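run.cif (mmCIF, C-alpha atoms) appears below.
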data_data
loop_
_atom_site.label_atom_id
_atom_site.label_comp_id
_atom_site.auth_asym_id
_atom_site.auth_seq_id
_atom_site.Cartn_x
_atom_site.Cartn_y
_atom_site.Cartn_z
CA MET A 285 91.83 158.89 -107.38
CA SER A 286 89.01 161.30 -106.91
CA TRP A 287 86.88 161.69 -103.83
CA ARG A 288 84.02 160.24 -105.77
CA ASP A 289 85.97 156.99 -106.52
CA LEU A 290 87.06 156.73 -102.91
CA ALA A 291 83.48 157.10 -101.71
CA GLY A 292 82.46 154.38 -104.18
CA ARG A 293 85.13 152.01 -102.81
CA GLY A 294 84.05 152.71 -99.26
CA ARG A 295 80.47 151.91 -100.14
CA ASP A 296 81.53 148.62 -101.75
CA ILE A 297 83.49 147.61 -98.64
CA LEU A 298 80.56 148.36 -96.33
CA HIS A 299 78.22 146.54 -98.70
CA GLY A 300 80.53 143.47 -98.73
CA MET A 301 80.78 143.44 -94.94
CA ALA A 302 77.03 143.52 -94.55
CA LEU A 303 76.54 140.88 -97.22
CA THR A 304 79.05 138.46 -95.62
CA GLY A 305 77.17 138.49 -92.37
CA TYR A 306 73.90 138.08 -94.20
CA ARG A 307 75.23 135.19 -96.27
CA ARG A 308 76.59 133.45 -93.19
CA GLN A 309 73.16 133.70 -91.60
CA LEU A 310 71.47 132.39 -94.72
CA ARG A 311 73.89 129.49 -94.86
CA ALA A 312 73.31 128.59 -91.22
CA GLU A 313 69.59 128.73 -91.75
CA ALA A 314 69.74 126.59 -94.87
CA ILE A 315 71.78 123.97 -92.99
CA ASP A 316 69.41 124.04 -90.02
CA LEU A 317 66.44 123.43 -92.28
CA GLN A 318 68.22 120.59 -93.99
CA ASP A 319 69.08 119.02 -90.64
CA LEU A 320 65.51 119.37 -89.42
CA PHE A 321 64.34 117.55 -92.51
CA LEU A 322 66.86 114.74 -91.94
CA LEU A 323 65.83 114.51 -88.29
CA LEU A 324 62.17 114.17 -89.26
CA CYS A 325 63.04 111.41 -91.70
CA TYR A 326 65.29 109.48 -89.33
CA MET A 327 63.29 109.84 -86.10
CA GLU A 328 62.74 106.12 -86.05
CA THR A 329 66.48 105.46 -85.64
CA LEU A 330 66.37 107.58 -82.48
CA GLY A 331 63.49 105.57 -81.10
CA LEU A 332 60.82 108.15 -81.91
CA PRO A 333 57.90 106.64 -83.79
CA ASN A 334 57.42 107.95 -87.29
CA PRO A 335 54.40 106.49 -89.06
CA ALA A 336 55.77 107.33 -92.48
CA THR A 337 59.15 105.57 -92.23
CA LEU A 338 57.94 102.38 -93.86
CA TYR A 339 55.90 104.26 -96.38
CA LEU A 340 58.90 106.11 -97.77
CA LEU A 341 61.40 103.25 -98.16
CA ASP A 342 62.40 104.16 -101.67
CA VAL A 343 62.95 107.83 -100.85
CA TYR A 344 65.64 107.09 -98.28
CA PRO A 345 68.56 106.33 -100.60
CA TYR A 346 68.38 109.94 -101.77
CA PHE A 347 69.33 110.98 -98.26
CA LEU A 348 72.49 108.86 -98.03
CA GLN A 349 74.62 111.68 -99.44
CA GLU A 350 72.96 114.33 -97.26
CA PHE A 351 73.30 112.10 -94.23
CA HIS A 352 77.01 111.61 -94.98
CA LEU A 353 77.56 115.39 -95.20
CA TRP A 354 75.68 115.82 -91.94
CA HIS A 355 77.78 113.42 -89.84
CA ARG A 356 80.99 114.84 -91.31
CA ARG A 357 79.81 118.34 -90.43
CA MET A 358 79.04 117.15 -86.89
CA GLY A 359 82.64 116.00 -86.55
CA MET A 360 82.00 112.26 -86.89
CA ASP A 361 84.23 110.51 -89.40
CA ARG A 362 82.03 107.45 -89.68
CA SER A 363 78.28 107.06 -89.67
CA PRO A 364 77.09 107.12 -86.04
CA LEU A 365 74.16 104.80 -86.72
CA ALA A 366 74.52 101.05 -86.70
CA GLY A 367 73.08 99.56 -89.86
CA PHE A 368 73.52 102.80 -91.71
CA GLY A 369 76.80 102.69 -93.57
CA CYS A 370 77.03 105.64 -95.90
CA CYS A 371 80.82 105.49 -95.80
CA MET B 961 20.83 96.99 -96.88
CA ARG B 962 19.74 97.42 -100.46
CA HIS B 963 20.98 101.02 -100.23
CA LEU B 964 24.57 99.67 -100.01
CA LEU B 965 24.40 98.04 -103.42
CA ASP B 966 25.15 101.34 -105.11
CA ARG B 967 28.25 102.07 -103.03
CA ARG B 968 31.61 101.35 -104.65
CA VAL B 969 33.55 100.10 -101.60
CA VAL B 970 31.97 98.28 -98.65
CA PHE B 971 33.96 97.04 -95.64
CA PHE B 972 32.66 94.34 -93.30
CA GLY B 973 34.18 94.43 -89.83
CA GLY B 974 33.48 93.19 -86.35
CA LYS B 975 34.81 91.15 -83.48
CA GLY B 976 36.45 87.84 -84.34
CA GLY B 977 33.98 85.00 -84.89
CA VAL B 978 30.78 87.01 -85.33
CA GLY B 979 30.36 86.10 -89.00
CA LYS B 980 32.15 88.84 -90.97
CA THR B 981 33.31 86.44 -93.66
CA THR B 982 29.88 84.86 -94.05
CA CYS B 983 28.11 88.22 -94.24
CA SER B 984 30.60 89.79 -96.64
CA ALA B 985 30.50 86.73 -98.91
CA ALA B 986 26.68 86.65 -98.81
CA PHE B 987 26.48 90.37 -99.55
CA ALA B 988 28.98 90.12 -102.43
CA LEU B 989 27.08 87.17 -103.88
CA ALA B 990 23.73 88.93 -103.57
CA ALA B 991 25.18 92.05 -105.22
CA SER B 992 26.55 90.00 -108.10
CA ARG B 993 23.07 88.50 -108.58
CA THR B 994 21.75 92.00 -109.33
CA GLY B 995 24.01 92.18 -112.37
CA ARG B 996 26.87 94.08 -110.76
CA ARG B 997 30.49 93.10 -111.21
CA VAL B 998 31.73 92.46 -107.67
CA LEU B 999 35.19 91.82 -106.22
CA LEU B 1000 35.30 90.22 -102.77
CA VAL B 1001 38.65 90.84 -101.07
CA SER B 1002 39.59 89.05 -97.87
CA THR B 1003 42.28 90.70 -95.77
CA ASP B 1004 41.67 88.43 -92.82
CA PRO B 1005 44.72 86.22 -92.26
CA ALA B 1006 42.39 83.34 -91.40
CA HIS B 1007 41.19 83.27 -95.04
CA SER B 1008 37.89 81.52 -94.50
CA THR B 1009 36.53 82.81 -97.82
CA SER B 1010 38.04 79.79 -99.56
CA ASP B 1011 36.28 77.53 -97.06
CA ILE B 1012 32.91 79.23 -97.55
CA PHE B 1013 33.01 78.97 -101.33
CA GLU B 1014 34.48 75.50 -101.02
CA ARG B 1015 37.36 76.24 -103.37
CA GLN B 1016 40.90 77.61 -103.22
CA ILE B 1017 40.90 81.37 -103.90
CA GLY B 1018 44.43 82.67 -103.35
CA PRO B 1019 46.13 86.05 -103.87
CA ALA B 1020 45.10 86.63 -107.52
CA GLU B 1021 41.58 87.69 -108.52
CA CYS B 1022 39.65 84.59 -109.52
CA GLU B 1023 36.14 84.28 -110.87
CA LEU B 1024 33.90 82.43 -108.40
CA ARG B 1025 30.77 82.60 -110.51
CA PRO B 1026 29.48 84.96 -113.21
CA GLY B 1027 29.88 88.52 -111.90
CA LEU B 1028 31.70 87.61 -108.70
CA TRP B 1029 35.45 87.55 -108.23
CA GLY B 1030 37.37 86.65 -105.09
CA GLN B 1031 40.83 87.44 -103.80
CA GLU B 1032 42.61 86.60 -100.56
CA ILE B 1033 45.41 88.92 -99.54
CA ASP B 1034 48.14 87.47 -97.41
CA GLU B 1035 49.94 90.09 -95.37
CA GLU B 1036 53.29 88.29 -95.16
CA ARG B 1037 53.35 87.86 -98.89
CA GLU B 1038 52.33 91.49 -99.41
CA ALA B 1039 55.13 92.62 -97.09
CA ARG B 1040 57.70 90.70 -99.14
CA ARG B 1041 56.30 92.11 -102.33
CA TYR B 1042 56.24 95.63 -100.92
CA LEU B 1043 59.93 95.47 -100.01
CA ASP B 1044 60.87 93.98 -103.38
CA GLU B 1045 58.94 96.69 -105.20
CA ALA B 1046 60.63 99.40 -103.16
CA LYS B 1047 64.00 97.93 -104.14
CA GLY B 1048 62.91 97.56 -107.74
CA ARG B 1049 61.98 101.22 -108.04
CA LEU B 1050 65.53 102.18 -107.05
CA SER B 1051 67.50 100.16 -109.55
CA GLY B 1052 68.84 102.27 -112.36
CA LEU B 1053 68.63 105.44 -110.29
CA PHE B 1054 71.73 105.00 -108.15
CA ASN B 1055 75.23 103.65 -108.44
CA PRO B 1056 75.81 100.07 -107.19
CA ASN B 1057 77.36 101.18 -103.88
CA VAL B 1058 74.38 103.26 -102.89
CA LEU B 1059 72.02 100.56 -104.13
CA ARG B 1060 73.68 97.90 -101.99
CA GLU B 1061 73.40 100.11 -98.92
CA ALA B 1062 69.81 101.08 -99.75
CA ALA B 1063 68.79 97.45 -100.20
CA ARG B 1064 70.31 96.67 -96.82
CA GLN B 1065 68.35 99.51 -95.21
CA ILE B 1066 65.11 98.40 -96.84
CA GLU B 1067 65.61 94.85 -95.57
CA LEU B 1068 66.33 96.22 -92.12
CA ALA B 1069 63.15 98.31 -92.20
CA GLY B 1070 61.32 95.24 -93.46
CA SER B 1071 62.00 93.45 -90.21
CA MET B 1072 60.12 96.15 -88.29
CA PRO B 1073 56.72 95.08 -86.99
CA GLY B 1074 54.64 97.63 -88.89
CA VAL B 1075 55.64 96.53 -92.36
CA THR B 1076 52.78 94.06 -92.87
CA ASP B 1077 50.29 96.81 -92.02
CA VAL B 1078 51.84 99.25 -94.46
CA ALA B 1079 52.00 96.61 -97.19
CA LEU B 1080 48.37 95.58 -96.62
CA PHE B 1081 47.32 99.22 -96.60
CA GLU B 1082 49.18 99.84 -99.87
CA ARG B 1083 47.49 96.86 -101.46
CA MET B 1084 44.04 98.08 -100.37
CA ALA B 1085 44.87 101.51 -101.76
CA THR B 1086 45.87 99.98 -105.09
CA ILE B 1087 42.63 98.00 -105.28
CA VAL B 1088 40.43 100.98 -104.38
CA LEU B 1089 42.28 103.39 -106.66
CA SER B 1090 42.71 101.19 -109.70
CA ARG B 1091 40.22 98.29 -109.74
CA LEU B 1092 37.01 100.30 -109.60
CA ASP B 1093 37.24 100.82 -113.37
CA GLU B 1094 36.77 97.10 -113.70
CA PHE B 1095 34.30 96.43 -110.88
CA ASP B 1096 31.08 98.11 -109.78
CA LEU B 1097 31.60 97.13 -106.16
CA VAL B 1098 34.53 96.02 -104.03
CA VAL B 1099 33.62 94.23 -100.78
CA PHE B 1100 36.36 93.92 -98.14
CA ASP B 1101 36.17 91.17 -95.58
CA SER B 1102 38.32 92.97 -93.03
CA ALA B 1103 40.48 91.82 -90.20
CA PRO B 1104 38.89 92.10 -86.71
CA THR B 1105 37.60 95.57 -85.83
CA GLY B 1106 40.61 97.14 -84.12
CA HIS B 1107 42.99 96.21 -86.91
CA ALA B 1108 40.57 97.21 -89.64
CA LEU B 1109 39.98 100.63 -88.10
CA ARG B 1110 43.70 101.19 -87.71
CA LEU B 1111 44.20 100.47 -91.41
CA LEU B 1112 41.40 102.86 -92.34
CA ARG B 1113 42.96 105.60 -90.25
CA MET B 1114 46.30 105.22 -91.95
CA PRO B 1115 45.72 107.45 -94.99
CA GLU B 1116 44.93 110.44 -92.82
CA LEU B 1117 47.81 109.82 -90.43
CA MET B 1118 50.37 109.19 -93.16
CA ALA B 1119 49.15 112.00 -95.36
CA SER B 1120 49.69 114.56 -92.62
CA TRP B 1121 53.23 113.23 -92.08
CA VAL B 1122 54.11 113.11 -95.72
CA ARG B 1123 52.73 116.60 -96.28
CA ALA B 1124 54.72 117.97 -93.35
CA LEU B 1125 57.87 116.34 -94.73
CA ALA B 1126 57.23 117.76 -98.19
CA LEU B 1127 56.80 121.21 -96.69
CA ARG B 1128 60.10 120.95 -94.77
CA ARG B 1129 61.88 119.68 -97.84
CA HIS B 1130 60.53 122.62 -99.78
CA GLU B 1131 61.81 125.06 -97.16
CA ALA B 1132 65.24 123.43 -97.06
CA LEU B 1133 65.50 123.54 -100.85
CA ASP B 1134 64.39 127.17 -100.96
CA ALA B 1135 66.95 128.16 -98.35
CA ALA B 1136 69.72 126.32 -100.22
CA ALA B 1137 68.71 128.01 -103.46
CA GLN B 1138 68.64 131.42 -101.83
CA MET B 1139 72.15 130.85 -100.57
CA ALA B 1140 73.36 129.84 -104.00
CA GLN B 1141 71.43 132.78 -105.48
CA ALA B 1142 69.78 130.46 -107.95
CA PRO B 1143 66.14 129.47 -108.35
CA ALA B 1144 65.17 126.26 -106.53
CA SER B 1145 65.29 123.30 -108.87
CA PRO B 1146 61.72 122.17 -109.51
CA ASP B 1147 62.59 118.49 -109.87
CA ASP B 1148 64.11 117.41 -106.61
CA PRO B 1149 63.45 113.63 -106.62
CA VAL B 1150 62.69 113.58 -102.89
CA LEU B 1151 60.14 116.36 -103.11
CA ARG B 1152 58.59 114.77 -106.18
CA ALA B 1153 58.30 111.40 -104.41
CA LEU B 1154 56.81 113.01 -101.29
CA GLU B 1155 54.28 114.99 -103.28
CA ALA B 1156 53.27 111.93 -105.31
CA ARG B 1157 52.70 109.97 -102.09
CA ALA B 1158 50.70 112.75 -100.51
CA GLU B 1159 48.53 112.96 -103.58
CA ARG B 1160 47.90 109.19 -103.61
CA LEU B 1161 47.05 109.19 -99.89
CA GLY B 1162 44.66 112.07 -100.43
CA ARG B 1163 42.86 110.23 -103.21
CA PHE B 1164 42.60 107.05 -101.11
CA GLN B 1165 41.24 108.95 -98.14
CA ALA B 1166 38.73 110.74 -100.33
CA ALA B 1167 37.54 107.40 -101.71
CA LEU B 1168 37.11 106.03 -98.19
CA THR B 1169 35.21 108.97 -96.80
CA ARG B 1170 33.05 110.12 -99.72
CA PRO B 1171 29.41 109.73 -98.64
CA GLY B 1172 27.42 107.54 -100.98
CA GLU B 1173 30.55 105.79 -102.28
CA SER B 1174 31.92 103.86 -99.36
CA ALA B 1175 30.48 102.22 -96.26
CA PHE B 1176 31.56 100.22 -93.26
CA VAL B 1177 29.19 97.49 -92.09
CA LEU B 1178 29.58 96.39 -88.50
CA VAL B 1179 28.76 92.76 -87.83
CA LEU B 1180 27.97 91.58 -84.31
CA VAL B 1181 26.09 88.91 -82.40
CA PRO B 1182 23.65 89.86 -79.62
CA GLU B 1183 26.10 89.40 -76.73
CA ARG B 1184 27.78 91.68 -74.23
CA LEU B 1185 31.35 92.03 -75.60
CA PRO B 1186 30.53 92.43 -79.30
CA ILE B 1187 28.04 95.20 -78.37
CA GLU B 1188 30.70 97.10 -76.43
CA GLU B 1189 33.25 96.75 -79.22
CA SER B 1190 30.74 97.81 -81.87
CA ALA B 1191 29.70 100.88 -79.90
CA ARG B 1192 33.36 101.93 -79.71
CA ALA B 1193 33.81 101.23 -83.41
CA VAL B 1194 30.90 103.56 -84.27
CA HIS B 1195 32.72 106.43 -82.55
CA ARG B 1196 36.02 105.59 -84.21
CA LEU B 1197 34.38 105.46 -87.63
CA GLU B 1198 32.92 108.89 -87.02
CA GLU B 1199 36.39 110.22 -86.21
CA ILE B 1200 37.89 108.60 -89.29
CA GLY B 1201 35.04 109.82 -91.46
CA VAL B 1202 34.15 106.47 -93.07
CA PRO B 1203 30.34 106.29 -93.33
CA LEU B 1204 28.65 103.60 -91.24
CA GLY B 1205 26.44 101.73 -93.70
CA GLY B 1206 24.64 99.32 -91.43
CA VAL B 1207 24.78 97.08 -88.39
CA VAL B 1208 24.24 93.36 -89.00
CA VAL B 1209 22.98 91.52 -85.94
CA ASN B 1210 23.91 87.95 -86.75
CA ARG B 1211 22.69 84.63 -85.32
CA VAL B 1212 19.47 85.90 -83.78
CA LEU B 1213 17.54 83.00 -82.18
CA PRO B 1214 14.06 82.15 -83.50
CA GLU B 1215 11.04 83.57 -81.61
CA ALA B 1216 9.23 80.28 -81.28
CA ALA B 1217 11.34 78.08 -79.07
CA SER B 1218 9.74 75.12 -77.34
CA ASP B 1219 12.66 74.16 -75.20
CA ALA B 1220 13.12 75.84 -71.77
CA PHE B 1221 16.84 76.38 -72.31
CA LEU B 1222 16.30 78.14 -75.63
CA ARG B 1223 13.48 80.26 -74.13
CA ALA B 1224 15.84 81.41 -71.40
CA ARG B 1225 18.51 82.26 -73.99
CA LYS B 1226 15.93 84.10 -76.07
CA ALA B 1227 14.82 86.16 -73.06
CA GLN B 1228 18.38 87.24 -72.44
CA GLU B 1229 18.90 87.95 -76.11
CA ARG B 1230 15.91 90.33 -76.12
CA VAL B 1231 17.69 92.47 -73.55
CA TYR B 1232 20.75 92.65 -75.77
CA LEU B 1233 18.67 93.36 -78.88
CA ASP B 1234 17.07 96.30 -77.05
CA GLU B 1235 20.50 97.50 -76.04
CA ILE B 1236 21.72 97.25 -79.63
CA GLU B 1237 18.71 99.23 -80.79
CA ARG B 1238 19.46 101.90 -78.22
CA ARG B 1239 23.24 102.15 -78.54
CA LEU B 1240 23.80 101.41 -82.21
CA SER B 1241 21.09 103.64 -83.58
CA ALA B 1242 23.43 105.46 -85.99
CA ALA B 1243 22.63 103.11 -88.89
CA PRO B 1244 19.92 100.61 -89.87
CA ARG B 1245 20.14 97.30 -87.98
CA ILE B 1246 19.55 94.15 -89.96
CA LEU B 1247 18.69 90.95 -88.13
CA VAL B 1248 20.01 87.68 -89.52
CA PRO B 1249 18.63 84.56 -87.82
CA GLN B 1250 20.61 81.66 -86.50
CA LEU B 1251 20.19 78.97 -89.15
CA PRO B 1252 19.63 75.34 -88.25
CA ARG B 1253 22.75 74.35 -90.20
CA ASP B 1254 26.22 75.80 -90.83
CA VAL B 1255 26.56 78.35 -93.59
CA CYS B 1256 28.49 76.62 -96.34
CA GLY B 1257 28.19 76.64 -100.10
CA LEU B 1258 26.16 78.89 -102.38
CA ASP B 1259 22.63 77.92 -101.25
CA SER B 1260 23.03 78.89 -97.62
CA LEU B 1261 24.97 82.04 -98.63
CA GLU B 1262 22.05 83.06 -100.81
CA GLU B 1263 19.69 82.62 -97.89
CA ILE B 1264 21.85 84.93 -95.74
CA GLY B 1265 22.10 87.32 -98.69
CA ARG B 1266 18.30 87.61 -98.87
CA TYR B 1267 18.20 88.56 -95.18
CA LEU B 1268 20.98 91.13 -95.70
CA LEU B 1269 19.25 92.85 -98.61
CA ASP B 1270 15.59 92.58 -97.63
CA GLY B 1271 15.46 91.14 -94.13
CA PRO B 1272 13.81 92.73 -91.09
CA VAL B 1273 15.34 96.03 -90.01
CA ARG B 1274 15.07 97.16 -86.43
#
This entry written out as structure tokens:
Amino acid sequence: MSWRDLAGRGRDILHGMALTGYRRQLRAEAIDLQDLFLLLCYMETLGLPNPATLYLLDVYPYFLQEFHLWHRRMGMDRSPLAGFGCC
Amino acid sequence: MRHLLDRRVVFFGGKGGVGKTTCSAAFALAASRTGRRVLLVSTDPAHSTSDIFERQIGPAECELRPGLWGQEIDEEREARRYLDEAKGRLSGLFNPNVLREAARQIELAGSMPGVTDVALFERMATIVLSRLDEFDLVVFDSAPTGHALRLLRMPELMASWVRALALRRHEALDAAAQMAQAPASPDDPVLRALEARAERLGRFQAALTRPGESAFVLVLVPERLPIEESARAVHRLEEIGVPLGGVVVNRVLPEAASDAFLRARKAQERVYLDEIERRLSAAPRILVPQLPRDVCGLDSLEEIGRYLLDGPVR
């Protein structure tokens, strides 16, 4: 293996290390944004008034899957909300 | 109020019992006499429009006389229909398990107190956005002032929410796509639904606030409390952006009264009329006299209609 190959490998390793951190950050940010969106949609269940809740009734089923992923990610096996049985 | 004949949507509102239904019916009738096709919609749960025209009107448009159609919207019924429609739009899109859960959630939401307002608001939006092809003028006999103004504020309030949600959804989708190193899918059903709603709300709001196309007519009687409520309503209408088309001062006593009691009432009324002139100067004030008999049937409505279109303006 030549010095040139070795230098190439080293560059790849450094590149991968940087990218992993970057991807982790991106992932965390993507999840945060998704959670914020869910929170805004489900404010009413937390007792915060949301004027649009009743206006978006037929949009809510689309969130069942996302909501399920959220409560699993938060370490809750079952849905924490009464009257909201996604599983 | 002849200038209101060329508007497309006219709301009549005011404190309970001041004569909103009578004035809106008389105005709609007078407008239909000028050759316009007019739809008179009552959103007042009391539904006195049927009583005034002395016939059953009901929730479907029905022709009252040539050029004039009537419709009485019942909020409970609209709420039921709204929930059923929401469920109907879902079928075929999801598997039965999700559908069952979604239907349960919709029913649960349907027991919340605001659902009749949203359903009524949706119905008004549908009428304003789709029936103006058919009619030259839609006259709404609204619920009492506070409720009517709340309904008229809804498009703005909801639109800002729905737009904010759409924006957040967009960000979340973009971030997810960036992570997956793939372009964001342009047809996310949630985003599409949110954007469609925002667009509809925007069109409804535009129709309500476009000068020369819509108007709110405040009806009051020359008494203390209706004056206060009307003065507040003028400010609220300004905030909402719905043009104030006129102020109808209903049941004004005749000048020539022989009886001492009536003269005393008239003297007090003059004070209130001056106050109305001073405080409600934002739009023309039309005086409609107290008639010797109840307003009932077409003849007396026509008499009121003549005052509304060509009567004395203070």
Between chain B and chain A, at 8 Å or less, what are the per-residue closest atom pairs and their distances in Å? Count all atoms listed in the file, order by chain and rising residue number, and return it as a tab-separated table.
residue	atom	partner	partner_atom	distance
B:Ala1046	CA	A:Asp342	CA	5.3
B:Lys1047	CA	A:Asp342	CA	6.9
B:Arg1049	CA	A:Asp342	CA	7.0
B:Leu1050	CA	A:Asp342	CA	6.5
B:Val1058	CA	A:Pro345	CA	7.0
B:Leu1059	CA	A:Pro345	CA	7.6
B:Glu1061	CA	A:Gly369	CA	6.8
B:Ala1062	CA	A:Pro345	CA	5.5
B:Gln1065	CA	A:Phe368	CA	7.1
B:Ile1066	CA	A:Leu341	CA	6.2
B:Leu1068	CA	A:Gly367	CA	7.9
B:Ala1069	CA	A:Leu338	CA	6.8
B:Gly1070	CA	A:Leu338	CA	7.9
B:Gly1074	CA	A:Leu338	CA	7.6
B:Val1075	CA	A:Leu338	CA	6.5
B:Val1078	CA	A:Tyr339	CA	6.7
B:Leu1117	CA	A:Pro335	CA	7.5
B:Met1118	CA	A:Ala336	CA	5.8
B:Trp1121	CA	A:Ala336	CA	6.4
B:Val1122	CA	A:Ala336	CA	6.8
B:Leu1125	CA	A:Phe321	CA	6.9
B:Arg1128	CA	A:Phe321	CA	5.9
B:Arg1129	CA	A:Phe321	CA	6.2
B:Glu1131	CA	A:Leu317	CA	6.9
B:Ala1132	CA	A:Leu317	CA	4.9
B:Leu1133	CA	A:Ala314	CA	7.9
B:Ala1135	CA	A:Ala314	CA	4.7
B:Ala1136	CA	A:Ala314	CA	5.4
B:Gln1138	CA	A:Leu310	CA	7.7
B:Met1139	CA	A:Leu310	CA	6.1
B:Pro1149	CA	A:Tyr346	CA	7.8
B:Val1150	CA	A:Val343	CA	6.1
B:Ala1153	CA	A:Val343	CA	6.9
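Atom CA of Arg1170 of chain B lies 19.4 Å from atom CA of Val998 of chain B.
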Close residues, Glu1235 of chain B itself excluded, 12 Å, all atoms listed in the file, min 3 positions apart in chain, as an mmCIF file with C-alpha atoms, keeping the file's coordinate frame:
data_model
loop_
_atom_site.group_PDB
_atom_site.id
_atom_site.type_symbol
_atom_site.label_atom_id
_atom_site.label_comp_id
_atom_site.auth_asym_id
_atom_site.auth_seq_id
_atom_site.Cartn_x
_atom_site.Cartn_y
_atom_site.Cartn_z
ATOM 1 C CA PRO B 1182 23.650 89.860 -79.620
ATOM 2 C CA GLU B 1183 26.100 89.400 -76.730
ATOM 3 C CA ARG B 1184 27.780 91.680 -74.230
ATOM 4 C CA PRO B 1186 30.530 92.430 -79.300
ATOM 5 C CA ILE B 1187 28.040 95.200 -78.370
ATOM 6 C CA GLU B 1188 30.700 97.100 -76.430
ATOM 7 C CA SER B 1190 30.740 97.810 -81.870
ATOM 8 C CA ALA B 1191 29.700 100.880 -79.900
ATOM 9 C CA VAL B 1209 22.980 91.520 -85.940
ATOM 10 C CA GLN B 1228 18.380 87.240 -72.440
ATOM 11 C CA GLU B 1229 18.900 87.950 -76.110
ATOM 12 C CA ARG B 1230 15.910 90.330 -76.120
ATOM 13 C CA VAL B 1231 17.690 92.470 -73.550
ATOM 14 C CA TYR B 1232 20.750 92.650 -75.770
ATOM 15 C CA ARG B 1238 19.460 101.900 -78.220
ATOM 16 C CA ARG B 1239 23.240 102.150 -78.540
ATOM 17 C CA LEU B 1240 23.800 101.410 -82.210
ATOM 18 C CA SER B 1241 21.090 103.640 -83.580
ATOM 19 C CA ARG B 1245 20.140 97.300 -87.980
ATOM 20 C CA ARG B 1274 15.070 97.160 -86.430
#
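Shell of Glu1116 of chain B at 9 Å, with only C-alpha atoms counted and residues fewer than 5 places along the chain excluded, is B:Trp1121, B:Leu1161, B:Gly1162, B:Gln1165, B:Ile1200.
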Quick one: write out the picked residues with C-alpha atoms as a CSV table (one decimal), in the frame of the given file?
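To be explicit, this is the file written out as again_2.csv:
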chain,number,residue,atom,x,y,z
B,1121,TRP,CA,53.2,113.2,-92.1
B,1161,LEU,CA,47.0,109.2,-99.9
B,1162,GLY,CA,44.7,112.1,-100.4
B,1165,GLN,CA,41.2,109.0,-98.1
B,1200,ILE,CA,37.9,108.6,-89.3
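Comparing B:Pro1214, B:Pro1244, B:Gly1257, B:Gly1201 by their smallest distance to Ile1012 of chain B, the closest is B:Gly1257 (using all atoms listed in the file).
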Quick one: apply the PyMOL selection byres ((chain B and resi 1194) around 10) to the file and drop the selected residues here as a PyMOL selection string. chain B and resi 1176+1178+1189-1193+1195-1200+1202-1204+1207+1239-1243
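Going from atom CA of Gly1271 of chain B over to atom CA of Met961 of chain B, you cover 8.4 Å.
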With distances taken over only C-alpha atoms, which residue among B:Asp1270, B:Ala1079, B:Ala1124, B:Gly1030 lies nearest Glu1045 of chain B? B:Ala1079
Please tell me which residues are no farther than 12 Å from (40.8, 110.8, -104.5) in the file, counting only C-alpha atoms, and write them as a PyMOL selection string. chain B and resi 1085-1086+1088-1090+1115+1158-1170+1173
Point-to-point distance in Å for atom CA of Arg1041 of chain B and atom CA of Thr1076 of chain B: 10.3 Å
Report as an MDAnalysis selection string all protein, DNA and RNA residues lying within 12 Å of Glu1215 of chain B, evaluated on only C-alpha atoms, omitting residues in the same chain fewer than 6 positions from it. chainID B and resid 1222:1227 1229:1230 1249:1250
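Residues in contact with Arg1083 of chain B at up to 9 Å, not including ones fewer than 6 positions away on its chain and judged by only C-alpha atoms, are Ile1033, Glu1038 and Tyr1042 of chain B.
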Please output segment 1020-1029 of chain B, rebuilt to include N, CA and C atoms, as a JSON list (two decimals), keeping the file's coordinate frame.
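Resulting contents of rebuild06.json:
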[["chain", "number", "residue", "atom", "x", "y", "z"],
["B", 1020, "ALA", "N", 45.48, 85.97, -106.25],
["B", 1020, "ALA", "CA", 45.10, 86.63, -107.52],
["B", 1020, "ALA", "C", 43.58, 86.63, -107.63],
["B", 1021, "GLU", "N", 43.03, 87.65, -108.32],
["B", 1021, "GLU", "CA", 41.58, 87.69, -108.52],
["B", 1021, "GLU", "C", 41.15, 86.44, -109.26],
["B", 1022, "CYS", "N", 40.13, 85.75, -108.75],
["B", 1022, "CYS", "CA", 39.65, 84.59, -109.52],
["B", 1022, "CYS", "C", 38.13, 84.61, -109.55],
["B", 1023, "GLU", "N", 37.59, 84.19, -110.68],
["B", 1023, "GLU", "CA", 36.14, 84.28, -110.87],
["B", 1023, "GLU", "C", 35.47, 83.12, -110.14],
["B", 1024, "LEU", "N", 34.56, 83.46, -109.21],
["B", 1024, "LEU", "CA", 33.90, 82.43, -108.40],
["B", 1024, "LEU", "C", 32.62, 81.97, -109.07],
["B", 1025, "ARG", "N", 31.95, 82.90, -109.70],
["B", 1025, "ARG", "CA", 30.77, 82.60, -110.51],
["B", 1025, "ARG", "C", 30.53, 83.85, -111.35],
["B", 1026, "PRO", "N", 29.62, 83.78, -112.33],
["B", 1026, "PRO", "CA", 29.48, 84.96, -113.21],
["B", 1026, "PRO", "C", 29.23, 86.24, -112.40],
["B", 1027, "GLY", "N", 30.07, 87.24, -112.58],
["B", 1027, "GLY", "CA", 29.88, 88.52, -111.90],
["B", 1027, "GLY", "C", 30.54, 88.63, -110.55],
["B", 1028, "LEU", "N", 31.09, 87.55, -110.04],
["B", 1028, "LEU", "CA", 31.70, 87.61, -108.70],
["B", 1028, "LEU", "C", 33.14, 87.07, -108.74],
["B", 1029, "TRP", "N", 34.05, 87.94, -108.31],
["B", 1029, "TRP", "CA", 35.45, 87.55, -108.23],
["B", 1029, "TRP", "C", 35.92, 87.55, -106.77]]
